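Listing of work32.tsv; format and content: TSV, C-alpha atoms.
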chain	number	residue	atom	x	y	z
A	1	MET	CA	289.64	89.68	206.72
A	2	THR	CA	290.42	87.88	203.51
A	3	ASP	CA	288.21	85.08	202.31
A	4	GLN	CA	290.62	82.20	203.06
A	5	PRO	CA	288.85	79.38	201.16
A	6	LEU	CA	288.51	81.55	198.10
A	7	THR	CA	292.10	82.78	198.05
A	8	ASP	CA	293.29	79.19	198.62
A	9	LEU	CA	291.34	78.11	195.54
A	10	LEU	CA	293.00	80.84	193.51
A	11	ARG	CA	296.48	80.12	194.84
A	12	ASN	CA	296.12	76.40	194.15
A	13	ARG	CA	295.00	76.99	190.62
A	14	PHE	CA	297.16	79.94	189.52
A	15	ALA	CA	300.15	79.63	191.91
A	16	ALA	CA	302.73	82.27	191.05
A	17	GLY	CA	300.31	84.30	188.96
A	18	ILE	CA	298.66	85.52	192.17
A	19	LEU	CA	300.98	88.33	193.26
A	20	VAL	CA	299.32	89.86	196.32
A	21	VAL	CA	296.40	88.81	198.51
A	22	GLU	CA	295.14	91.45	200.91
A	23	ASN	CA	292.04	92.88	202.46
A	24	THR	CA	291.24	96.46	201.54
A	25	SER	CA	288.05	98.27	202.49
A	26	ASP	CA	286.47	95.05	203.86
A	27	MET	CA	286.88	93.31	200.55
A	28	THR	CA	289.20	90.50	199.52
A	29	THR	CA	291.62	91.85	196.97
A	30	VAL	CA	293.91	89.81	194.77
A	31	THR	CA	296.51	91.30	192.49
A	32	VAL	CA	297.32	89.04	189.57
A	33	SER	CA	299.72	89.23	186.67
A	34	LYS	CA	298.41	90.51	183.38
A	35	GLU	CA	299.05	87.24	181.55
A	36	ILE	CA	296.46	85.29	183.54
A	37	ILE	CA	293.84	88.01	184.12
A	38	HIS	CA	291.38	86.57	181.61
A	39	ASP	CA	291.80	83.06	183.03
A	40	VAL	CA	291.26	84.31	186.59
A	41	ILE	CA	288.08	86.18	185.67
A	42	MET	CA	286.83	83.20	183.67
A	43	TYR	CA	287.56	80.84	186.57
A	44	LEU	CA	285.79	83.10	189.08
A	45	HIS	CA	282.85	83.46	186.73
A	46	GLU	CA	282.35	79.92	185.52
A	47	SER	CA	283.61	77.54	188.19
A	48	PRO	CA	280.89	76.17	190.51
A	49	GLU	CA	283.33	76.56	193.42
A	50	THR	CA	283.44	80.32	193.01
A	51	GLY	CA	280.30	81.36	191.13
A	52	PHE	CA	280.89	85.06	190.69
A	53	GLY	CA	278.05	85.69	188.24
A	54	PHE	CA	278.05	89.46	188.26
A	55	LEU	CA	280.66	91.99	187.21
A	56	THR	CA	279.88	94.94	189.47
A	57	THR	CA	282.39	97.29	187.94
A	58	LEU	CA	285.55	97.55	185.91
A	59	CYS	CA	287.75	100.60	185.85
A	60	GLY	CA	291.23	101.90	185.20
A	61	ILE	CA	293.70	103.57	187.51
A	62	HIS	CA	296.99	105.40	187.10
A	63	TYR	CA	299.79	105.44	189.68
A	64	PRO	CA	302.52	107.36	187.84
A	65	ASP	CA	305.22	106.49	190.40
A	66	GLN	CA	304.84	102.70	190.23
A	67	PRO	CA	306.99	100.53	187.93
A	68	LEU	CA	303.74	99.26	186.41
A	69	PRO	CA	301.78	102.51	186.39
A	70	PHE	CA	298.49	101.54	184.78
A	71	GLY	CA	295.96	99.27	186.41
A	72	VAL	CA	292.64	97.65	185.64
A	73	ILE	CA	290.39	96.71	188.54
A	74	TYR	CA	287.48	94.29	188.45
A	75	HIS	CA	284.83	93.91	191.12
A	76	LEU	CA	282.93	90.63	191.04
A	77	HIS	CA	279.91	89.65	193.08
A	78	ASN	CA	278.59	86.20	193.98
A	79	MET	CA	274.90	86.95	194.38
A	80	GLU	CA	274.01	83.56	195.90
A	81	LYS	CA	276.49	83.73	198.78
A	82	ASN	CA	276.77	87.51	198.79
A	83	ILE	CA	280.55	87.47	198.46
A	84	ARG	CA	282.52	90.12	196.67
A	85	ILE	CA	286.06	90.07	195.34
A	86	ARG	CA	288.30	92.71	193.84
A	87	VAL	CA	290.83	91.67	191.21
A	88	LYS	CA	293.62	94.02	190.19
A	89	THR	CA	296.20	93.81	187.46
A	90	PHE	CA	298.88	96.27	186.43
A	91	LEU	CA	300.41	97.11	183.05
A	92	PRO	CA	303.63	98.80	181.94
A	93	ALA	CA	303.27	102.23	180.36
A	94	ASP	CA	304.71	101.08	177.02
A	95	ASN	CA	302.35	98.13	176.57
A	96	LEU	CA	298.76	98.90	177.55
A	97	HIS	CA	297.23	95.79	175.97
A	98	ILE	CA	295.00	93.57	178.08
A	99	PRO	CA	292.51	90.89	177.01
A	100	THR	CA	288.86	91.89	177.00
A	101	VAL	CA	286.33	90.20	179.28
A	102	THR	CA	283.37	91.06	177.05
A	103	ASP	CA	283.27	87.37	176.05
A	104	LEU	CA	282.45	86.58	179.71
A	105	PHE	CA	280.36	89.60	180.70
A	106	SER	CA	278.45	91.59	178.06
A	107	GLY	CA	278.20	94.38	180.60
A	108	ALA	CA	281.94	94.88	180.39
A	109	ASN	CA	281.54	96.43	176.93
A	110	TRP	CA	280.82	99.99	178.00
A	111	MET	CA	283.05	99.76	181.09
A	112	GLU	CA	286.03	98.83	178.94
A	113	ARG	CA	285.20	101.60	176.50
A	114	GLU	CA	285.13	104.05	179.40
A	115	THR	CA	288.47	102.75	180.69
A	116	TYR	CA	289.93	103.18	177.22
A	117	ASP	CA	288.36	106.64	176.96
A	118	PHE	CA	289.94	107.95	180.16
A	119	TYR	CA	293.20	105.96	180.44
A	120	GLY	CA	293.99	104.69	176.96
A	121	ILE	CA	294.10	101.06	178.05
A	122	LEU	CA	293.62	98.81	175.01
A	123	PHE	CA	291.32	95.83	175.46
A	124	ASP	CA	292.29	93.22	172.87
A	125	GLY	CA	289.27	91.51	171.38
A	126	HIS	CA	286.78	94.21	172.34
A	127	PRO	CA	284.11	94.49	169.62
A	128	ASN	CA	283.94	98.29	169.51
A	129	LEU	CA	286.76	100.00	171.37
A	130	ILE	CA	285.97	103.70	170.76
A	131	ARG	CA	285.42	106.65	173.07
A	132	ILE	CA	282.15	106.58	174.95
A	133	LEU	CA	281.90	109.73	177.11
A	134	ASN	CA	284.38	112.28	175.83
A	135	VAL	CA	284.24	114.11	172.51
A	136	GLU	CA	285.46	112.00	169.60
A	137	TYR	CA	288.21	114.41	168.62
A	138	LEU	CA	289.87	114.45	172.06
A	139	ASP	CA	293.50	113.54	171.41
A	140	TYR	CA	294.53	112.54	174.92
A	141	PHE	CA	293.33	110.44	177.84
A	142	PRO	CA	292.22	112.94	180.46
A	143	MET	CA	292.25	110.87	183.66
A	144	ARG	CA	295.94	110.11	183.39
A	145	LYS	CA	297.89	111.99	186.01
A	146	GLU	CA	299.94	113.73	183.34
A	147	TYR	CA	297.86	116.83	182.77
A	148	PRO	CA	296.96	119.96	184.74
A	149	LEU	CA	293.59	119.78	186.42
A	150	GLU	CA	292.31	122.88	184.66
A	151	ASP	CA	291.69	123.20	180.95
A	152	PRO	CA	295.09	124.29	179.61
A	153	THR	CA	293.51	125.70	176.44
A	154	ARG	CA	291.58	128.36	178.33
A	155	GLU	CA	292.20	131.97	177.29
A	156	ASP	CA	289.46	133.84	179.03
A	157	LYS	CA	290.30	133.27	182.67
A	158	ASP	CA	292.73	135.72	184.20
A	159	ASN	CA	294.65	134.31	187.17
A	160	ARG	CA	294.45	137.67	188.97
A	161	PHE	CA	290.71	137.19	189.37
A	162	PHE	CA	291.12	133.78	190.95
A	163	GLY	CA	293.58	134.67	193.70
A	164	ARG	CA	296.56	133.04	191.95
B	1	MET	CA	231.43	141.97	199.30
B	2	GLU	CA	233.94	144.67	198.77
B	3	THR	CA	235.55	144.87	195.39
B	4	THR	CA	239.05	146.23	195.01
B	5	LYS	CA	239.94	148.26	191.98
B	6	LYS	CA	243.04	147.14	190.15
B	7	THR	CA	244.99	149.41	187.89
B	8	TYR	CA	246.41	147.74	184.82
B	9	THR	CA	249.31	149.15	182.89
B	10	ARG	CA	249.54	148.66	179.18
B	11	VAL	CA	252.42	148.86	176.77
B	12	ASP	CA	253.13	152.44	175.87
B	13	PRO	CA	253.26	153.41	172.21
B	14	PRO	CA	256.69	154.05	170.75
B	15	GLU	CA	258.00	157.53	170.02
B	16	GLY	CA	256.10	159.19	167.23
B	17	VAL	CA	253.93	162.03	166.11
B	18	ALA	CA	250.33	161.92	167.28
B	19	GLY	CA	247.47	164.11	166.13
B	20	ALA	CA	243.72	164.03	165.74
B	21	GLY	CA	242.93	160.60	164.31
B	22	TYR	CA	246.44	159.52	163.39
B	23	PHE	CA	249.72	158.36	164.85
B	24	ALA	CA	252.90	158.22	162.87
B	25	THR	CA	256.10	156.43	163.78
B	26	THR	CA	258.79	154.39	162.06
B	27	LEU	CA	258.32	150.81	160.94
B	28	ASP	CA	261.35	149.78	162.99
B	29	ARG	CA	259.66	150.90	166.19
B	30	VAL	CA	256.34	149.23	165.43
B	31	ILE	CA	258.03	145.93	164.59
B	32	GLY	CA	260.31	146.32	167.61
B	33	LEU	CA	257.27	146.82	169.85
B	34	ALA	CA	255.63	143.68	168.49
B	35	ARG	CA	258.79	141.60	168.75
B	36	LYS	CA	259.59	142.83	172.23
B	37	ASN	CA	256.28	141.67	173.67
B	38	SER	CA	255.99	138.32	171.95
B	39	ILE	CA	259.38	136.66	172.45
B	40	TRP	CA	259.03	132.89	172.40
B	41	PRO	CA	261.84	131.30	174.40
B	42	LEU	CA	263.44	127.96	173.67
B	43	PRO	CA	264.71	126.62	177.01
B	44	PHE	CA	267.95	124.66	176.64
B	45	ALA	CA	268.15	123.55	180.26
B	46	THR	CA	270.85	121.11	181.30
B	47	SER	CA	271.18	121.58	185.07
B	48	CYS	CA	270.28	123.60	188.15
B	49	CYS	CA	269.75	126.89	186.29
B	50	GLY	CA	266.97	125.05	184.46
B	51	ILE	CA	265.23	124.50	187.80
B	52	GLU	CA	265.36	128.24	188.42
B	53	PHE	CA	263.90	128.76	184.98
B	54	MET	CA	260.99	126.48	185.88
B	55	ALA	CA	260.34	128.76	188.85
B	56	THR	CA	260.57	131.72	186.50
B	57	MET	CA	257.91	130.20	184.26
B	58	GLY	CA	255.71	129.30	187.21
B	59	ALA	CA	252.77	131.31	188.54
B	60	HIS	CA	254.78	133.13	191.19
B	61	TYR	CA	257.26	134.85	188.87
B	62	ASP	CA	255.25	134.32	185.69
B	63	LEU	CA	257.34	135.05	182.62
B	64	ALA	CA	254.03	135.11	180.72
B	65	ARG	CA	253.63	138.71	181.85
B	66	PHE	CA	256.29	139.58	179.28
B	67	GLY	CA	254.53	137.92	176.38
B	68	SER	CA	256.51	134.70	176.73
B	69	GLU	CA	253.95	132.25	178.01
B	70	ARG	CA	254.47	130.09	174.97
B	71	LEU	CA	257.67	128.07	175.24
B	72	SER	CA	258.82	126.91	171.87
B	73	PHE	CA	260.42	123.50	172.07
B	74	SER	CA	260.93	123.60	168.33
B	75	PRO	CA	263.76	125.93	167.36
B	76	ARG	CA	261.90	126.83	164.15
B	77	GLN	CA	259.36	128.97	165.99
B	78	ALA	CA	261.64	130.25	168.76
B	79	ASP	CA	262.98	133.79	169.05
B	80	LEU	CA	265.17	133.42	172.11
B	81	LEU	CA	267.56	130.61	172.96
B	82	MET	CA	267.94	130.41	176.74
B	83	VAL	CA	270.94	128.23	177.58
B	84	MET	CA	270.76	127.31	181.23
B	85	GLY	CA	273.35	125.02	182.71
B	86	THR	CA	276.71	123.40	182.09
B	87	ILE	CA	277.43	122.72	178.44
B	88	ALA	CA	279.94	119.92	177.96
B	89	LYS	CA	282.22	120.11	174.94
B	90	LYS	CA	280.31	117.19	173.49
B	91	MET	CA	277.09	119.22	173.78
B	92	GLY	CA	278.60	122.32	172.10
B	93	PRO	CA	277.75	121.28	168.50
B	94	VAL	CA	274.18	120.51	169.63
B	95	VAL	CA	273.75	124.04	171.01
B	96	GLN	CA	275.11	125.44	167.76
B	97	GLN	CA	272.81	123.26	165.66
B	98	VAL	CA	269.76	124.39	167.66
B	99	TYR	CA	270.87	128.00	167.16
B	100	VAL	CA	271.28	127.50	163.41
B	101	GLN	CA	267.80	125.98	163.16
B	102	MET	CA	266.22	129.09	164.68
B	103	ALA	CA	264.84	131.69	162.29
B	104	GLU	CA	266.03	135.28	162.30
B	105	PRO	CA	265.75	137.43	164.30
B	106	ARG	CA	267.08	135.33	167.14
B	107	TRP	CA	268.59	136.18	170.49
B	108	VAL	CA	270.58	134.18	173.01
B	109	ILE	CA	270.79	134.42	176.79
B	110	ALA	CA	273.50	132.58	178.70
B	111	VAL	CA	271.90	131.94	182.09
B	112	GLY	CA	274.22	131.19	184.97
B	113	ALA	CA	277.96	130.97	185.49
B	114	CYS	CA	278.38	127.69	183.56
B	115	ALA	CA	276.70	128.85	180.37
B	116	ALA	CA	278.46	132.20	180.59
B	117	SER	CA	282.00	131.02	181.38
B	118	GLY	CA	282.13	127.34	182.32
B	119	GLY	CA	281.63	128.30	185.95
B	120	ILE	CA	283.38	126.11	188.50
B	121	PHE	CA	283.93	123.42	185.87
B	122	ASP	CA	287.32	124.59	184.68
B	123	THR	CA	288.11	121.19	183.23
B	124	TYR	CA	288.79	119.22	180.07
B	125	SER	CA	285.21	118.21	179.37
B	126	VAL	CA	283.32	121.48	179.81
B	127	LEU	CA	282.89	124.25	177.27
B	128	GLN	CA	284.23	127.45	178.83
B	129	GLY	CA	281.19	129.53	177.97
B	130	ILE	CA	278.65	129.06	175.17
B	131	ASP	CA	279.97	132.15	173.41
B	132	ARG	CA	282.57	129.78	171.99
B	133	VAL	CA	279.91	128.20	169.77
B	134	VAL	CA	277.13	130.81	169.40
B	135	PRO	CA	276.97	134.61	169.72
B	136	VAL	CA	275.41	135.63	173.05
B	137	ASP	CA	273.32	138.76	173.58
B	138	VAL	CA	272.83	138.77	177.35
B	139	TYR	CA	274.75	137.06	180.16
B	140	VAL	CA	272.97	136.42	183.45
B	141	PRO	CA	275.44	135.81	186.29
B	142	GLY	CA	274.72	133.63	189.29
B	143	CYS	CA	275.13	130.04	190.40
B	144	PRO	CA	272.26	129.60	189.90
B	145	PRO	CA	270.69	133.03	189.31
B	146	ARG	CA	267.41	133.74	191.04
B	147	PRO	CA	264.26	134.06	188.92
B	148	GLU	CA	264.39	137.84	189.36
B	149	GLN	CA	267.80	137.84	187.69
B	150	ILE	CA	266.58	135.69	184.82
B	151	ILE	CA	263.64	138.06	184.34
B	152	ASP	CA	266.05	140.99	184.41
B	153	GLY	CA	268.18	139.33	181.72
B	154	PHE	CA	265.04	138.65	179.73
B	155	MET	CA	264.07	142.32	179.93
B	156	ARG	CA	267.48	143.27	178.58
B	157	VAL	CA	266.71	141.07	175.57
B	158	GLN	CA	263.39	142.90	175.27
B	159	ASP	CA	265.33	146.18	175.16
B	160	LEU	CA	267.50	144.79	172.37
B	161	ALA	CA	264.46	143.58	170.44
B	162	ALA	CA	262.65	146.90	170.82
B	163	THR	CA	265.52	149.03	169.56
B	164	GLU	CA	267.04	146.74	166.93
B	165	SER	CA	267.15	148.08	163.40
B	166	LEU	CA	265.36	145.95	160.83
B	167	ARG	CA	268.50	146.11	158.70
B	168	ARG	CA	270.78	144.71	161.37
B	169	ARG	CA	270.43	141.03	160.41
B	170	TYR	CA	271.40	141.84	156.81
B	171	SER	CA	274.44	143.90	157.75
B	172	GLU	CA	277.96	142.83	156.83
B	173	GLU	CA	278.97	143.09	160.49
B	174	TYR	CA	276.31	140.62	161.52
B	175	LYS	CA	277.22	138.19	158.75
B	176	ALA	CA	280.87	138.46	159.72
B	177	LEU	CA	279.92	137.71	163.33
B	178	LEU	CA	278.12	134.54	162.29
B	179	ARG	CA	280.98	133.53	159.98
B	180	SER	CA	283.40	133.86	162.92
B	181	TYR	CA	281.38	131.06	164.57
B	182	GLY	CA	281.37	128.98	161.40
B	183	ILE	CA	277.67	129.67	160.79
B	184	PHE	CA	276.65	130.50	157.22
B	185	THR	CA	273.26	131.90	156.23
B	186	THR	CA	271.56	130.78	153.03
B	187	ASP	CA	272.26	133.95	151.03
B	188	GLN	CA	275.88	133.78	152.08
B	189	GLN	CA	276.19	130.26	150.73
B	190	ASP	CA	274.74	131.44	147.41
B	191	THR	CA	277.42	134.05	146.97
B	192	MET	CA	280.27	131.84	148.10
Whole structure given in structure tokens:
Amino acid sequence: MTDQPLTDLLRNRFAAGILVVENTSDMTTVTVSKEIIHDVIMYLHESPETGFGFLTTLCGIHYPDQPLPFGVIYHLHNMEKNIRIRVKTFLPADNLHIPTVTDLFSGANWMERETYDFYGILFDGHPNLIRILNVEYLDYFPMRKEYPLEDPTREDKDNRFFGR
Amino acid sequence: METTKKTYTRVDPPEGVAGAGYFATTLDRVIGLARKNSIWPLPFATSCCGIEFMATMGAHYDLARFGSERLSFSPRQADLLMVMGTIAKKMGPVVQQVYVQMAEPRWVIAVGACAASGGIFDTYSVLQGIDRVVPVDVYVPGCPPRPEQIIDGFMRVQDLAATESLRRRYSEEYKALLRSYGIFTTDQQDTM
């Protein structure tokens, strides 16, 4: 069940920028356009009507078959009322720029670095957008669904010994 | 109270010529005997194989019986690098740096499937075997190997230590092996 008062607040404020409102995995989910993502997060964070003080997580996603294949997903938590919300936004493959939310949540720093590390999504305004988990010299973004699951550089594993 | 007699075995002397009041053998064998029974391991434990190594060091399996009761957590005093667990590509240079900091003679055991070959982690982030960054003397298979297997691998290193020529670490073949890993010894840098 979606949180009707909350989604009404968002619809009244952002109107056409709110693309989809749904309920997935017992959590209110709103998909918004990329242009207003920073405003939506700021509104949810700072307005007394919403009061989402905690950024639970932030991550990337890749649906290669969608027109807008790359996504960024934010989970926010209102600790006082124990309400959660999931905010999604999607980007075209040729323009992976999205505004940072590190000005709102300091904890987003490493999460955005991780999202950049694995998906190559560029967070404009991030203070230190470099790889965080993978080796520095990695020249691709490994969680994109463009690569074989196994290490393609391997030389020492013979397919005959693996039943292939 | 009844006392039970225990028989203790001791390390046998190496091959040589024995007579009344003397024993003659080669220096290689004497040094090999000493090295073999005083190998100080440096445990580089990153995952479940490290837990098996803790059992190996414990009282039940007791690696101290082989002269290795003293773990060396400084590479400077270690003789044997025991790499136990998955080594991510980001960790590869660390393993190599630890190896370079060890003094000669030094040996390496790759304990477990991950250290030996990457194991089940056939993926972008995992080094497919530590022999891509350091030369390995003994591979112990298993996921994870039991302490008996680790001890068996350790005894193979003892065999290597006992029979190694004192000249081996100065040989051109050995230097070429290290160079193939991008490791340069001090005397090599002088001549380069």
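Using only C-alpha atoms, the nearest neighbour of Asp79 of chain B within the list B:Arg106, B:Lys5, B:Arg29, B:Arg179 is B:Arg106.
Counting from atom CA of Asn109 of chain A, the distance to atom CA of Val87 of chain A is 17.7 Å.
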Once you count all atoms listed in the file, which residues end up no further than 10 Å from (280.7, 85.4, 190.2) in the file's frame, shown as a PyMOL selection string? chain A and resi 41-56+75-85
For the residues in the current selection, export C-alpha atoms as an mmCIF file, in the coordinates of the input.
data_model
loop_
_atom_site.group_PDB
_atom_site.id
_atom_site.type_symbol
_atom_site.label_atom_id
_atom_site.label_comp_id
_atom_site.auth_asym_id
_atom_site.auth_seq_id
_atom_site.Cartn_x
_atom_site.Cartn_y
_atom_site.Cartn_z
ATOM 1 C CA ILE A 41 288.080 86.180 185.670
ATOM 2 C CA MET A 42 286.830 83.200 183.670
ATOM 3 C CA TYR A 43 287.560 80.840 186.570
ATOM 4 C CA LEU A 44 285.790 83.100 189.080
ATOM 5 C CA HIS A 45 282.850 83.460 186.730
ATOM 6 C CA GLU A 46 282.350 79.920 185.520
ATOM 7 C CA SER A 47 283.610 77.540 188.190
ATOM 8 C CA PRO A 48 280.890 76.170 190.510
ATOM 9 C CA GLU A 49 283.330 76.560 193.420
ATOM 10 C CA THR A 50 283.440 80.320 193.010
ATOM 11 C CA GLY A 51 280.300 81.360 191.130
ATOM 12 C CA PHE A 52 280.890 85.060 190.690
ATOM 13 C CA GLY A 53 278.050 85.690 188.240
ATOM 14 C CA PHE A 54 278.050 89.460 188.260
ATOM 15 C CA LEU A 55 280.660 91.990 187.210
ATOM 16 C CA THR A 56 279.880 94.940 189.470
ATOM 17 C CA HIS A 75 284.830 93.910 191.120
ATOM 18 C CA LEU A 76 282.930 90.630 191.040
ATOM 19 C CA HIS A 77 279.910 89.650 193.080
ATOM 20 C CA ASN A 78 278.590 86.200 193.980
ATOM 21 C CA MET A 79 274.900 86.950 194.380
ATOM 22 C CA GLU A 80 274.010 83.560 195.900
ATOM 23 C CA LYS A 81 276.490 83.730 198.780
ATOM 24 C CA ASN A 82 276.770 87.510 198.790
ATOM 25 C CA ILE A 83 280.550 87.470 198.460
ATOM 26 C CA ARG A 84 282.520 90.120 196.670
ATOM 27 C CA ILE A 85 286.060 90.070 195.340
#
Tell me which residues come within 9 Å of (270.6, 126.9, 160.4), as an NGL selection string, counting all atoms listed in the file in the file's coordinates. :B and (96-103 or 183-186)
For Glu136 of chain A, work out the shell of residues within 12 Å, counting only C-alpha atoms and skipping chain neighbours fewer than 3 positions away, then give it as a CSV table (one decimal) with C-alpha atoms, in the frame of the given file.
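Writing done, so here's selection.csv:
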chain,number,residue,atom,x,y,z
A,117,ASP,CA,288.4,106.6,177.0
A,130,ILE,CA,286.0,103.7,170.8
A,131,ARG,CA,285.4,106.6,173.1
A,132,ILE,CA,282.2,106.6,175.0
A,133,LEU,CA,281.9,109.7,177.1
A,139,ASP,CA,293.5,113.5,171.4
A,140,TYR,CA,294.5,112.5,174.9
A,141,PHE,CA,293.3,110.4,177.8
B,89,LYS,CA,282.2,120.1,174.9
B,90,LYS,CA,280.3,117.2,173.5
B,91,MET,CA,277.1,119.2,173.8
B,125,SER,CA,285.2,118.2,179.4
What are the nearest atom pairs, with distances in Å to one decimal, for all residues of chain B that come at most 12 Å from chain A, using only C-alpha atoms, set out by chain and rising residue number as JSON lines?
{"residue": "B:Ala88", "atom": "CA", "partner": "A:Val135", "partner_atom": "CA", "distance": 9.1}
{"residue": "B:Lys89", "atom": "CA", "partner": "A:Val135", "partner_atom": "CA", "distance": 6.8}
{"residue": "B:Lys90", "atom": "CA", "partner": "A:Val135", "partner_atom": "CA", "distance": 5.1}
{"residue": "B:Met91", "atom": "CA", "partner": "A:Val135", "partner_atom": "CA", "distance": 8.9}
{"residue": "B:Gly92", "atom": "CA", "partner": "A:Val135", "partner_atom": "CA", "distance": 10.0}
{"residue": "B:Pro93", "atom": "CA", "partner": "A:Val135", "partner_atom": "CA", "distance": 10.5}
{"residue": "B:Ala116", "atom": "CA", "partner": "A:Asp156", "partner_atom": "CA", "distance": 11.2}
{"residue": "B:Ser117", "atom": "CA", "partner": "A:Asp156", "partner_atom": "CA", "distance": 8.3}
{"residue": "B:Gly118", "atom": "CA", "partner": "A:Lys157", "partner_atom": "CA", "distance": 10.1}
{"residue": "B:Gly119", "atom": "CA", "partner": "A:Lys157", "partner_atom": "CA", "distance": 10.5}
{"residue": "B:Ile120", "atom": "CA", "partner": "A:Glu150", "partner_atom": "CA", "distance": 10.2}
{"residue": "B:Phe121", "atom": "CA", "partner": "A:Glu150", "partner_atom": "CA", "distance": 8.5}
{"residue": "B:Asp122", "atom": "CA", "partner": "A:Glu150", "partner_atom": "CA", "distance": 5.3}
{"residue": "B:Thr123", "atom": "CA", "partner": "A:Asp151", "partner_atom": "CA", "distance": 4.7}
{"residue": "B:Tyr124", "atom": "CA", "partner": "A:Asp151", "partner_atom": "CA", "distance": 5.0}
{"residue": "B:Ser125", "atom": "CA", "partner": "A:Asn134", "partner_atom": "CA", "distance": 7.0}
{"residue": "B:Val126", "atom": "CA", "partner": "A:Asp151", "partner_atom": "CA", "distance": 8.6}
{"residue": "B:Leu127", "atom": "CA", "partner": "A:Asp151", "partner_atom": "CA", "distance": 9.6}
{"residue": "B:Gln128", "atom": "CA", "partner": "A:Arg154", "partner_atom": "CA", "distance": 7.4}
{"residue": "B:Gly129", "atom": "CA", "partner": "A:Asp156", "partner_atom": "CA", "distance": 9.4}
{"residue": "B:Asp131", "atom": "CA", "partner": "A:Asp156", "partner_atom": "CA", "distance": 11.2}
{"residue": "B:Arg132", "atom": "CA", "partner": "A:Asp156", "partner_atom": "CA", "distance": 10.7}
Residues within 9 Å of segment 48-59 of chain B, all atoms listed in the file, excluding chain neighbours under 5 positions, as a VMD selection string: chain B and resid 43 64 68 to 69 83 to 86 111 to 112 142 to 148 150 to 151
Kindly complete segment 14-25 of chain A to N, CA and C atoms; the output should be written as a PDB file, in the frame of the given file.
ATOM      1  N   PHE A  14     296.314  79.035 190.314  1.00  0.00           N
ATOM      2  CA  PHE A  14     297.160  79.940 189.520  1.00  0.00           C
ATOM      3  C   PHE A  14     298.558  80.125 190.101  1.00  0.00           C
ATOM      4  N   ALA A  15     298.818  79.607 191.299  1.00  0.00           N
ATOM      5  CA  ALA A  15     300.150  79.630 191.910  1.00  0.00           C
ATOM      6  C   ALA A  15     300.826  80.978 191.814  1.00  0.00           C
ATOM      7  N   ALA A  16     301.901  81.068 191.041  1.00  0.00           N
ATOM      8  CA  ALA A  16     302.730  82.270 191.050  1.00  0.00           C
ATOM      9  C   ALA A  16     302.063  83.445 190.367  1.00  0.00           C
ATOM     10  N   GLY A  17     301.006  83.187 189.604  1.00  0.00           N
ATOM     11  CA  GLY A  17     300.310  84.300 188.960  1.00  0.00           C
ATOM     12  C   GLY A  17     299.605  85.219 189.932  1.00  0.00           C
ATOM     13  N   ILE A  18     299.302  84.702 191.143  1.00  0.00           N
ATOM     14  CA  ILE A  18     298.660  85.520 192.170  1.00  0.00           C
ATOM     15  C   ILE A  18     299.774  86.259 192.917  1.00  0.00           C
ATOM     16  N   LEU A  19     299.844  87.567 192.744  1.00  0.00           N
ATOM     17  CA  LEU A  19     300.980  88.330 193.260  1.00  0.00           C
ATOM     18  C   LEU A  19     300.748  88.777 194.700  1.00  0.00           C
ATOM     19  N   VAL A  20     299.598  89.321 194.990  1.00  0.00           N
ATOM     20  CA  VAL A  20     299.320  89.860 196.320  1.00  0.00           C
ATOM     21  C   VAL A  20     297.906  89.449 196.702  1.00  0.00           C
ATOM     22  N   VAL A  21     297.744  89.030 197.959  1.00  0.00           N
ATOM     23  CA  VAL A  21     296.400  88.810 198.510  1.00  0.00           C
ATOM     24  C   VAL A  21     296.289  89.695 199.734  1.00  0.00           C
ATOM     25  N   GLU A  22     295.278  90.525 199.777  1.00  0.00           N
ATOM     26  CA  GLU A  22     295.140  91.450 200.910  1.00  0.00           C
ATOM     27  C   GLU A  22     293.667  91.727 201.121  1.00  0.00           C
ATOM     28  N   ASN A  23     293.406  92.487 202.169  1.00  0.00           N
ATOM     29  CA  ASN A  23     292.040  92.880 202.460  1.00  0.00           C
ATOM     30  C   ASN A  23     292.007  94.404 202.511  1.00  0.00           C
ATOM     31  N   THR A  24     291.341  95.005 201.545  1.00  0.00           N
ATOM     32  CA  THR A  24     291.240  96.460 201.540  1.00  0.00           C
ATOM     33  C   THR A  24     289.768  96.842 201.538  1.00  0.00           C
ATOM     34  N   SER A  25     289.422  97.764 202.384  1.00  0.00           N
ATOM     35  CA  SER A  25     288.050  98.270 202.490  1.00  0.00           C
ATOM     36  C   SER A  25     287.056  97.118 202.655  1.00  0.00           C
TER      37      SER A  25
END
